[in-house]
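File shown: model_23.pdb (PDB, C-alpha atoms).
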```
MODEL        1
ATOM      1  CA  MET A   4     147.470 122.809  93.081
ATOM      2  CA  THR A   5     146.327 125.909  91.240
ATOM      3  CA  GLY A   6     147.490 126.968  87.817
ATOM      4  CA  SER A   7     149.861 129.568  89.292
ATOM      5  CA  ASP A   8     151.484 126.906  91.518
ATOM      6  CA  ILE A   9     152.396 124.565  88.660
ATOM      7  CA  PRO A  10     156.124 124.743  87.764
ATOM      8  CA  SER A  11     156.728 125.973  84.231
ATOM      9  CA  SER A  12     159.013 123.066  83.350
ATOM     10  CA  PHE A  13     159.930 119.510  84.303
ATOM     11  CA  ARG A  14     163.461 118.144  83.901
ATOM     12  CA  LEU A  15     163.768 114.468  83.044
ATOM     13  CA  ALA A  16     167.160 112.774  83.002
ATOM     14  CA  TYR A  17     167.718 109.628  80.974
ATOM     15  CA  VAL A  18     170.625 107.266  80.465
ATOM     16  CA  PRO A  19     171.971 105.767  77.214
ATOM     17  CA  GLY A  20     169.805 103.026  75.787
ATOM     18  CA  VAL A  21     166.597 104.299  77.388
ATOM     19  CA  THR A  22     164.094 105.852  74.979
ATOM     20  CA  PRO A  23     161.615 108.203  76.711
ATOM     21  CA  THR A  24     159.876 109.283  73.478
ATOM     22  CA  LYS A  25     156.443 107.698  74.064
ATOM     23  CA  TRP A  26     156.199 109.058  77.607
ATOM     24  CA  VAL A  27     157.294 112.525  76.526
ATOM     25  CA  ARG A  28     154.587 112.522  73.848
ATOM     26  CA  VAL A  29     151.892 111.707  76.429
ATOM     27  CA  TRP A  30     153.269 114.435  78.694
ATOM     28  CA  HIS A  31     152.888 117.062  75.958
ATOM     29  CA  GLU A  32     149.307 115.898  75.335
ATOM     30  CA  ARG A  33     148.321 116.118  79.008
ATOM     31  CA  LEU A  34     150.346 119.127  80.129
ATOM     32  CA  PRO A  35     150.777 121.295  77.037
ATOM     33  CA  HIS A  36     151.637 124.362  79.138
ATOM     34  CA  THR A  37     154.369 122.667  81.189
ATOM     35  CA  SER A  38     157.489 122.040  79.142
ATOM     36  CA  LEU A  39     159.517 118.867  79.603
ATOM     37  CA  GLU A  40     163.284 119.247  79.349
ATOM     38  CA  LEU A  41     165.345 116.135  78.613
ATOM     39  CA  VAL A  42     168.723 115.874  80.336
ATOM     40  CA  GLN A  43     171.224 113.267  79.078
ATOM     41  CA  ALA A  44     173.434 111.559  81.648
ATOM     42  CA  THR A  45     175.585 108.457  81.825
ATOM     43  CA  ALA A  46     174.401 105.593  83.995
ATOM     44  CA  ALA A  47     177.077 106.502  86.554
ATOM     45  CA  GLU A  48     176.210 110.231  86.543
ATOM     46  CA  ALA A  49     172.407 109.980  86.727
ATOM     47  CA  PRO A  50     171.970 109.211  90.473
ATOM     48  CA  GLY A  51     174.205 112.128  91.485
ATOM     49  CA  LEU A  52     172.407 114.421  89.043
ATOM     50  CA  LEU A  53     169.055 113.597  90.648
ATOM     51  CA  ALA A  54     170.357 113.851  94.210
ATOM     52  CA  GLY A  55     171.890 117.242  93.432
ATOM     53  CA  GLY A  56     168.698 118.686  91.948
ATOM     54  CA  GLY A  57     169.936 118.651  88.358
ATOM     55  CA  ALA A  58     166.719 116.913  87.281
ATOM     56  CA  ASP A  59     163.280 116.378  88.805
ATOM     57  CA  ALA A  60     163.196 112.689  87.875
ATOM     58  CA  GLY A  61     165.180 110.282  85.752
ATOM     59  CA  LEU A  62     165.065 107.056  83.801
ATOM     60  CA  VAL A  63     168.058 105.304  85.336
ATOM     61  CA  ARG A  64     169.631 101.905  85.748
ATOM     62  CA  LEU A  65     169.403 100.125  89.085
ATOM     63  CA  PRO A  66     170.724  99.912  91.692
ATOM     64  CA  VAL A  67     170.438 103.386  93.243
ATOM     65  CA  ASP A  68     170.858 104.488  96.847
ATOM     66  CA  ARG A  69     167.343 104.103  98.281
ATOM     67  CA  ASP A  70     168.222 106.350 101.238
ATOM     68  CA  VAL A  71     168.633 109.217  98.775
ATOM     69  CA  LEU A  72     166.433 108.324  95.795
ATOM     70  CA  SER A  73     163.025 106.766  95.352
ATOM     71  CA  ALA A  74     162.690 104.352  92.437
ATOM     72  CA  ILE A  75     160.013 102.399  90.584
ATOM     73  CA  PRO A  76     161.414  99.501  88.482
ATOM     74  CA  LEU A  77     160.000  99.646  84.954
ATOM     75  CA  TYR A  78     161.520  96.726  83.036
ATOM     76  CA  THR A  79     164.471  94.352  82.801
ATOM     77  CA  GLU A  80     166.598  94.213  79.670
ATOM     78  CA  THR A  81     167.849  91.135  77.873
ATOM     79  CA  THR A  82     171.643  90.814  77.826
ATOM     80  CA  VAL A  83     173.194  90.165  74.416
ATOM     81  CA  VAL A  84     176.664  89.489  73.044
ATOM     82  CA  VAL A  85     177.842  91.848  70.288
ATOM     83  CA  ILE A  86     179.800  89.990  67.609
ATOM     84  CA  PRO A  87     180.984  90.515  64.011
ATOM     85  CA  LYS A  88     178.480  89.443  61.365
ATOM     86  CA  ASP A  89     180.834  86.727  60.131
ATOM     87  CA  HIS A  90     181.255  85.226  63.614
ATOM     88  CA  VAL A  91     180.440  81.517  63.923
ATOM     89  CA  ALA A  92     177.952  82.283  66.734
ATOM     90  CA  THR A  93     175.608  84.004  64.279
ATOM     91  CA  ALA A  94     174.425  80.551  63.168
ATOM     92  CA  ALA A  95     172.532  80.191  66.494
ATOM     93  CA  GLU A  96     169.553  82.147  67.805
ATOM     94  CA  GLU A  97     171.212  82.565  71.197
ATOM     95  CA  VAL A  98     174.639  82.034  72.757
ATOM     96  CA  SER A  99     175.354  80.406  76.125
ATOM     97  CA  LEU A 100     177.962  81.689  78.557
ATOM     98  CA  ALA A 101     179.862  78.422  78.162
ATOM     99  CA  GLU A 102     180.181  79.032  74.419
ATOM    100  CA  LEU A 103     182.063  82.242  75.162
ATOM    101  CA  SER A 104     184.774  80.502  77.185
ATOM    102  CA  ASP A 105     187.351  80.753  74.384
ATOM    103  CA  GLU A 106     186.465  84.320  73.425
ATOM    104  CA  ILE A 107     188.174  87.506  74.558
ATOM    105  CA  VAL A 108     185.319  89.219  76.401
ATOM    106  CA  LEU A 109     185.766  92.976  76.605
ATOM    107  CA  HIS A 110     184.937  94.600  79.944
ATOM    108  CA  PRO A 111     184.597  98.403  79.583
ATOM    109  CA  LEU A 112     184.966 100.642  82.626
ATOM    110  CA  ASP A 113     181.350 101.791  82.246
ATOM    111  CA  ASP A 114     179.991  98.220  82.153
ATOM    112  CA  LEU A 115     176.400  98.053  83.434
ATOM    113  CA  LEU A 116     176.258  94.346  84.274
ATOM    114  CA  ASP A 117     176.953  92.979  87.735
ATOM    115  CA  TRP A 118     179.359  90.126  87.040
ATOM    116  CA  GLU A 119     180.566  87.739  89.720
ATOM    117  CA  THR A 120     182.889  86.162  87.180
ATOM    118  CA  LEU A 121     183.258  87.534  83.670
ATOM    119  CA  PRO A 122     183.013  84.767  81.050
ATOM    120  CA  GLY A 123     185.725  84.076  78.490
ATOM    121  CA  ARG A 124     189.256  85.421  78.502
ATOM    122  CA  PRO A 125     190.049  88.973  79.663
ATOM    123  CA  ALA A 126     191.498  91.548  77.294
ATOM    124  CA  VAL A 127     194.925  93.052  77.952
ATOM    125  CA  GLU A 128     193.301  96.389  78.839
ATOM    126  CA  ARG A 129     189.789  97.438  79.734
ATOM    127  CA  PRO A 130     188.225  99.855  77.234
ATOM    128  CA  ALA A 131     187.219 103.194  78.756
ATOM    129  CA  THR A 132     183.673 103.131  77.412
ATOM    130  CA  THR A 133     181.123 100.852  75.775
ATOM    131  CA  ALA A 134     181.549 102.847  72.554
ATOM    132  CA  ASP A 135     185.278 102.086  72.608
ATOM    133  CA  ALA A 136     184.549  98.397  73.198
ATOM    134  CA  ILE A 137     182.208  98.348  70.186
ATOM    135  CA  GLU A 138     185.044  99.643  68.010
ATOM    136  CA  LEU A 139     187.272  96.829  69.258
ATOM    137  CA  VAL A 140     184.602  94.225  68.454
ATOM    138  CA  ALA A 141     184.409  95.642  64.918
ATOM    139  CA  ALA A 142     188.204  95.319  64.694
ATOM    140  CA  GLY A 143     187.997  91.638  65.638
ATOM    141  CA  VAL A 144     189.683  92.054  69.033
ATOM    142  CA  GLY A 145     186.919  90.426  71.093
ATOM    143  CA  VAL A 146     183.210  90.289  71.907
ATOM    144  CA  LEU A 147     181.082  92.409  74.240
ATOM    145  CA  LEU A 148     178.110  91.670  76.516
ATOM    146  CA  VAL A 149     175.679  94.568  77.033
ATOM    147  CA  PRO A 150     171.966  95.283  77.585
ATOM    148  CA  GLN A 151     170.128  94.915  74.276
ATOM    149  CA  SER A 152     169.260  98.622  74.093
ATOM    150  CA  LEU A 153     172.967  99.513  74.057
ATOM    151  CA  ALA A 154     173.629  97.037  71.253
ATOM    152  CA  ARG A 155     170.926  98.840  69.265
ATOM    153  CA  LEU A 156     172.245 102.271  70.244
ATOM    154  CA  HIS A 157     175.740 101.404  68.964
ATOM    155  CA  HIS A 158     174.486  99.580  65.871
ATOM    156  CA  ARG A 159     176.963  99.040  63.045
ATOM    157  CA  LYS A 160     176.406  97.337  59.698
ATOM    158  CA  ASP A 161     179.327  94.988  60.294
ATOM    159  CA  LEU A 162     178.108  93.864  63.748
ATOM    160  CA  THR A 163     175.157  91.928  65.115
ATOM    161  CA  TYR A 164     174.137  90.455  68.467
ATOM    162  CA  ARG A 165     172.568  87.393  70.067
ATOM    163  CA  PRO A 166     170.791  86.914  73.439
ATOM    164  CA  VAL A 167     172.828  85.292  76.219
ATOM    165  CA  PRO A 168     170.588  83.350  78.660
ATOM    166  CA  GLY A 169     171.888  83.222  82.216
ATOM    167  CA  ALA A 170     173.913  86.431  81.970
ATOM    168  CA  PRO A 171     173.347  89.255  84.491
ATOM    169  CA  GLU A 172     170.634  91.686  83.377
ATOM    170  CA  SER A 173     170.153  95.428  83.700
ATOM    171  CA  ARG A 174     166.987  96.905  85.223
ATOM    172  CA  VAL A 175     165.634 100.307  84.230
ATOM    173  CA  ALA A 176     163.707 102.399  86.761
ATOM    174  CA  LEU A 177     162.044 105.773  87.170
ATOM    175  CA  SER A 178     163.800 107.555  90.024
ATOM    176  CA  TRP A 179     163.513 110.898  91.846
ATOM    177  CA  PRO A 180     164.889 112.501  95.031
ATOM    178  CA  GLU A 181     163.504 110.972  98.223
ATOM    179  CA  ALA A 182     160.916 113.241  99.913
ATOM    180  CA  GLU A 183     158.028 112.948 102.374
ATOM    181  CA  VAL A 184     155.629 114.194  99.705
ATOM    182  CA  THR A 185     156.230 113.365  96.041
ATOM    183  CA  PRO A 186     156.039 116.547  93.898
ATOM    184  CA  ASP A 187     152.915 116.832  91.757
ATOM    185  CA  LEU A 188     154.760 116.812  88.431
ATOM    186  CA  VAL A 189     156.691 113.712  89.450
ATOM    187  CA  GLU A 190     153.338 112.095  90.283
ATOM    188  CA  GLU A 191     152.146 113.103  86.824
ATOM    189  CA  PHE A 192     155.096 111.376  85.189
ATOM    190  CA  ILE A 193     154.692 108.300  87.402
ATOM    191  CA  GLY A 194     151.108 108.095  86.189
ATOM    192  CA  ILE A 195     152.217 108.346  82.577
ATOM    193  CA  VAL A 196     154.819 105.581  82.768
ATOM    194  CA  ARG A 197     152.365 103.378  84.661
ATOM    195  CA  GLY A 198     149.643 103.929  82.085
ATOM    196  CA  ARG A 199     147.180 105.786  84.294
ATOM    197  CA  THR A 200     144.381 107.621  82.535
ATOM    198  CA  VAL A 201     144.133 111.389  82.647
ATOM    199  CA  ASN A 202     141.192 111.128  85.104
ATOM    200  CA  SER A 203     143.037 108.925  87.580
ATOM    201  CA  THR A 204     142.633 110.025  91.197
ATOM    202  CA  ARG A 205     146.444 109.997  91.511
ATOM    203  CA  GLY A 206     146.862 112.566  88.749
ATOM    204  CA  ARG A 207     146.814 116.335  89.224
ATOM    205  CA  ALA A 208     143.987 116.673  86.692
ATOM    206  CA  ALA A 209     141.626 114.613  88.828
ATOM    207  CA  THR A 210     139.005 116.442  90.921
ATOM    208  CA  PRO A 211     140.172 116.596  94.556
ATOM    209  CA  PRO A 212     137.894 115.027  97.197
ATOM    210  CA  ARG A 213     135.550 117.463  98.924
ATOM    211  CA  PRO A 214     135.977 118.123 102.667
ATOM    212  CA  ALA A 215     133.677 116.147 104.954
ATOM    213  CA  LYS A 216     131.974 119.305 106.307
ATOM    214  CA  ASP A 217     131.052 120.377 102.767
ATOM    215  CA  LYS A 218     129.632 116.936 102.066
ATOM    216  CA  ALA A 219     127.516 117.163 105.255
ATOM    217  CA  LYS A 220     126.163 120.586 104.239
ATOM    218  CA  ASP A 221     125.250 119.312 100.777
ATOM    219  CA  LYS A 222     123.543 116.283 102.291
ATOM    220  CA  ALA A 223     121.450 118.474 104.604
ATOM    221  CA  LYS A 224     120.453 120.758 101.733
ATOM    222  CA  ALA A 225     119.461 117.801  99.579
ATOM    223  CA  LYS A 226     117.377 116.341 102.409
ATOM    224  CA  ALA A 227     115.544 119.624 102.953
ATOM    225  CA  LYS A 228     114.894 119.950  99.245
ATOM    226  CA  ARG A 229     113.505 116.428  99.048
ATOM    227  CA  GLY A 230     111.195 117.164 101.993
ATOM    228  CA  GLY A 231     109.719 120.245 100.341
ATOM    229  CA  ALA A 232     109.246 118.505  97.050
ATOM    230  CA  GLY A 233     107.696 115.492  98.729
ATOM    231  CA  GLY A 234     104.969 117.599 100.458
ATOM    232  CA  GLY A 235     103.952 119.167  97.173
ATOM    233  CA  SER A 236     103.776 115.908  95.293
ATOM    234  CA  GLY A 237     102.053 113.919  98.047
ATOM    235  CA  ALA A 238      99.039 116.298  98.573
ATOM    236  CA  ARG A 239      96.296 116.693  95.982
ATOM    237  CA  GLN A 240      95.841 120.121  94.572
ATOM    238  CA  LYS A 241      92.349 121.607  95.076
ATOM    239  CA  PRO A 242      90.548 122.653  91.929
ATOM    240  CA  ALA A 243      89.947 126.315  91.389
ATOM    241  CA  ALA A 244      86.604 127.590  92.816
ATOM    242  CA  GLY A 245      83.621 126.995  90.518
ATOM    243  CA  ARG A 246      85.538 124.504  88.426
ATOM    244  CA  LYS A 247      85.285 120.791  88.453
ATOM    245  CA  PRO A 248      88.287 118.591  87.837
ATOM    246  CA  GLN A 249      88.854 118.998  84.130
ATOM    247  CA  ALA A 250      89.448 115.409  83.135
ATOM    248  CA  GLY A 251      86.681 113.840  85.205
ATOM    249  CA  GLY A 252      83.952 116.435  84.404
ATOM    250  CA  ARG A 253      84.572 116.402  80.711
ATOM    251  CA  ALA A 254      84.651 112.644  80.538
ATOM    252  CA  GLY A 255      81.436 112.332  82.544
ATOM    253  CA  GLY A 256      79.515 114.812  80.350
ATOM    254  CA  GLN A 257      80.498 113.058  77.224
ATOM    255  CA  SER A 258      79.535 109.734  78.660
ATOM    256  CA  GLY A 259      76.017 111.003  79.604
ATOM    257  CA  LYS A 260      75.321 112.312  76.149
ATOM    258  CA  ARG A 261      76.279 109.075  74.497
ATOM    259  CA  GLY A 262      74.122 107.050  76.921
ATOM    260  CA  LYS A 263      70.876 109.035  76.295
ATOM    261  CA  PRO A 264      68.586 107.199  73.809
ATOM    262  CA  ARG A 265      67.230 109.115  70.856
ATOM    263  CA  GLY A 266      63.502 109.658  70.510
ATOM    264  CA  ARG A 267      61.759 107.861  67.706
TER     265      ARG A 267
ENDMDL
END
```

Starting from the file, give its structure as structure tokens.
Amino acid sequence: MTGSDIPSSFRLAYVPGVTPTKWVRVWHERLPHTSLELVQATAAEAPGLLAGGGADAGLVRLPVDRDVLSAIPLYTETTVVVIPKDHVATAAEEVSLAELSDEIVLHPLDDLLDWETLPGRPAVERPATTADAIELVAAGVGVLLVPQSLARLHHRKDLTYRPVPGAPESRVALSWPEAEVTPDLVEEFIGIVRGRTVNSTRGRAATPPRPAKDKAKDKAKAKAKRGGAGGGSGARQKPAAGRKPQAGGRAGGQSGKRGKPRGR
């Protein structure tokens, strides 16, 4: 890909709770002339945004439709329960699902966790969003189970959270529209999130392999060059006419003078 072929910008979607900052920083270091535009989307909106061309790639939550989108899982988040700071559960480092059996567990409509059976007691109504559910937890209405990044995103001074072992977990992935050939800038971002170096053969900055015919030509040229150099170095050079080899003649004359005895 030549400089004129490189798109002037790259659109990266990301969902709440995901922080792309470190990857964006590396992008700006490696591709300073290709801007990266961040596009915010809810977890439910992100797959459709990618499929519709609204972004080149996205940091999304699995699952996605693999017939439409490619995806590389990046990490799995710990699930936590958000509770008031004066809740009895704050005395423990973690909370089991069984310990939530008597709690009203809020289940927002945008819940990201795949529950077979929600623990605890259901609320009278489901909150519309996670943000709404957080407000209800602060009001003492119930508790909320979410990926840890969302608990941090909706942090409040009067709330805290504890890990819940055994609860469903949310997986974050890098995703992009399915295609026979992955676009170069998507490959660049894949390399960044996977920690590839700038000289990786998968990156656009790497030197492309030379065609086989060019390699054969270079090999033939090198062979011919070695042959010419070998003939010159293997044969002795004749001394110029009327001149003896410099080193040998000089050494011999000096040796003869030193060997001649002086007359007494």

Exercise for the section: Find the spatial neighbours of Leu156 of chain A, counting all atoms listed in the file, within a cut-off of 10 Å - ignore same-chain residues fewer than 3 positions away - and output them as a VMD selection string. Expected result: chain A and resid 19 to 21 134 151 to 153 159

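Across the chains present, the PyMOL selection byres ((chain A and resi 170) around 9) applied to this file returns A:Thr81, A:Thr82, A:Val83, A:Ser99, A:Leu100, A:Leu116, A:Trp118, A:Leu148, A:Val167, A:Pro168, A:Gly169, A:Pro171, A:Glu172.
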
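If you count all atoms listed in the file and ignore residues fewer than 6 places along the chain from Pro130 of chain A, what sits within 12 Å of it is A:Val108, A:Leu109, A:His110, A:Pro111, A:Leu112, A:Asp113, A:Asp114, A:Ala136, A:Ile137, A:Glu138, A:Leu139, A:Val140, A:Val144, A:Gly145, A:Leu147.
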
Exercise for the section: List the residues matched by the PyMOL selection byres ((chain A and resi 75) around 8) in the displayed structure as a PyMOL selection string, ordered by chain and then by residue number. Expected result: chain A and resi 73-74+76-77+176-178

Completion exercise
Students should find that atom CA of Ala58 of chain A and atom CA of Ala16 of chain A are spaced 6.0 Å

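Taking atom CA of Asp187 of chain A and atom CA of Ser38 of chain A as the two end points, the separation is 14.4 Å.
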
Exercise for the section: Run the PyMOL selection byres ((chain A and resi 179) around 9) on the file and write out the hits as a list in words. Expected result: Pro50, Leu53, Ala54, Ala58, Asp59, Ala60, Gly61, Val71, Leu72, Ser73, Ala74, Leu177, Ser178, Pro180, Glu181, Ala182, Thr185 and Val189 of chain A

Practice task
Please provide as a list in words all residues within 6 Å of Val85 of chain A, with the sequence filter that same-chain residues fewer than 5 positions apart are discarded (counting all atoms listed in the file).
Solution key: Val146, Leu147, Thr163 and Tyr164 of chain A

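Atom pair atom CA of Thr133 of chain A / atom CA of Glu96 of chain A has a distance of 23.4 Å (rounded to one decimal).
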
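Taking all atoms listed in the file, the non-local environment of Asp89 of chain A within 9 Å (same-chain residues fewer than 3 positions away omitted) comprises Ile86, Ala92, Thr93, Asp161 and Leu162 of chain A.
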
Go ahead and find all residues with at least one atom no further than 7 Å from (164.7, 115.4, 77.4) in the file's coordinates, using only C-alpha atoms; report them as a short mmCIF file (atom, residue, chain, number, x, y, z; two decimals) with C-alpha atoms, in the frame of the given file.
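Below is the file part21.cif, written as the result:
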```
data_model
loop_
_atom_site.label_atom_id
_atom_site.label_comp_id
_atom_site.auth_asym_id
_atom_site.auth_seq_id
_atom_site.Cartn_x
_atom_site.Cartn_y
_atom_site.Cartn_z
CA LEU A 15 163.77 114.47 83.04
CA ALA A 16 167.16 112.77 83.00
CA LEU A 39 159.52 118.87 79.60
CA GLU A 40 163.28 119.25 79.35
CA LEU A 41 165.34 116.14 78.61
CA VAL A 42 168.72 115.87 80.34
#
```
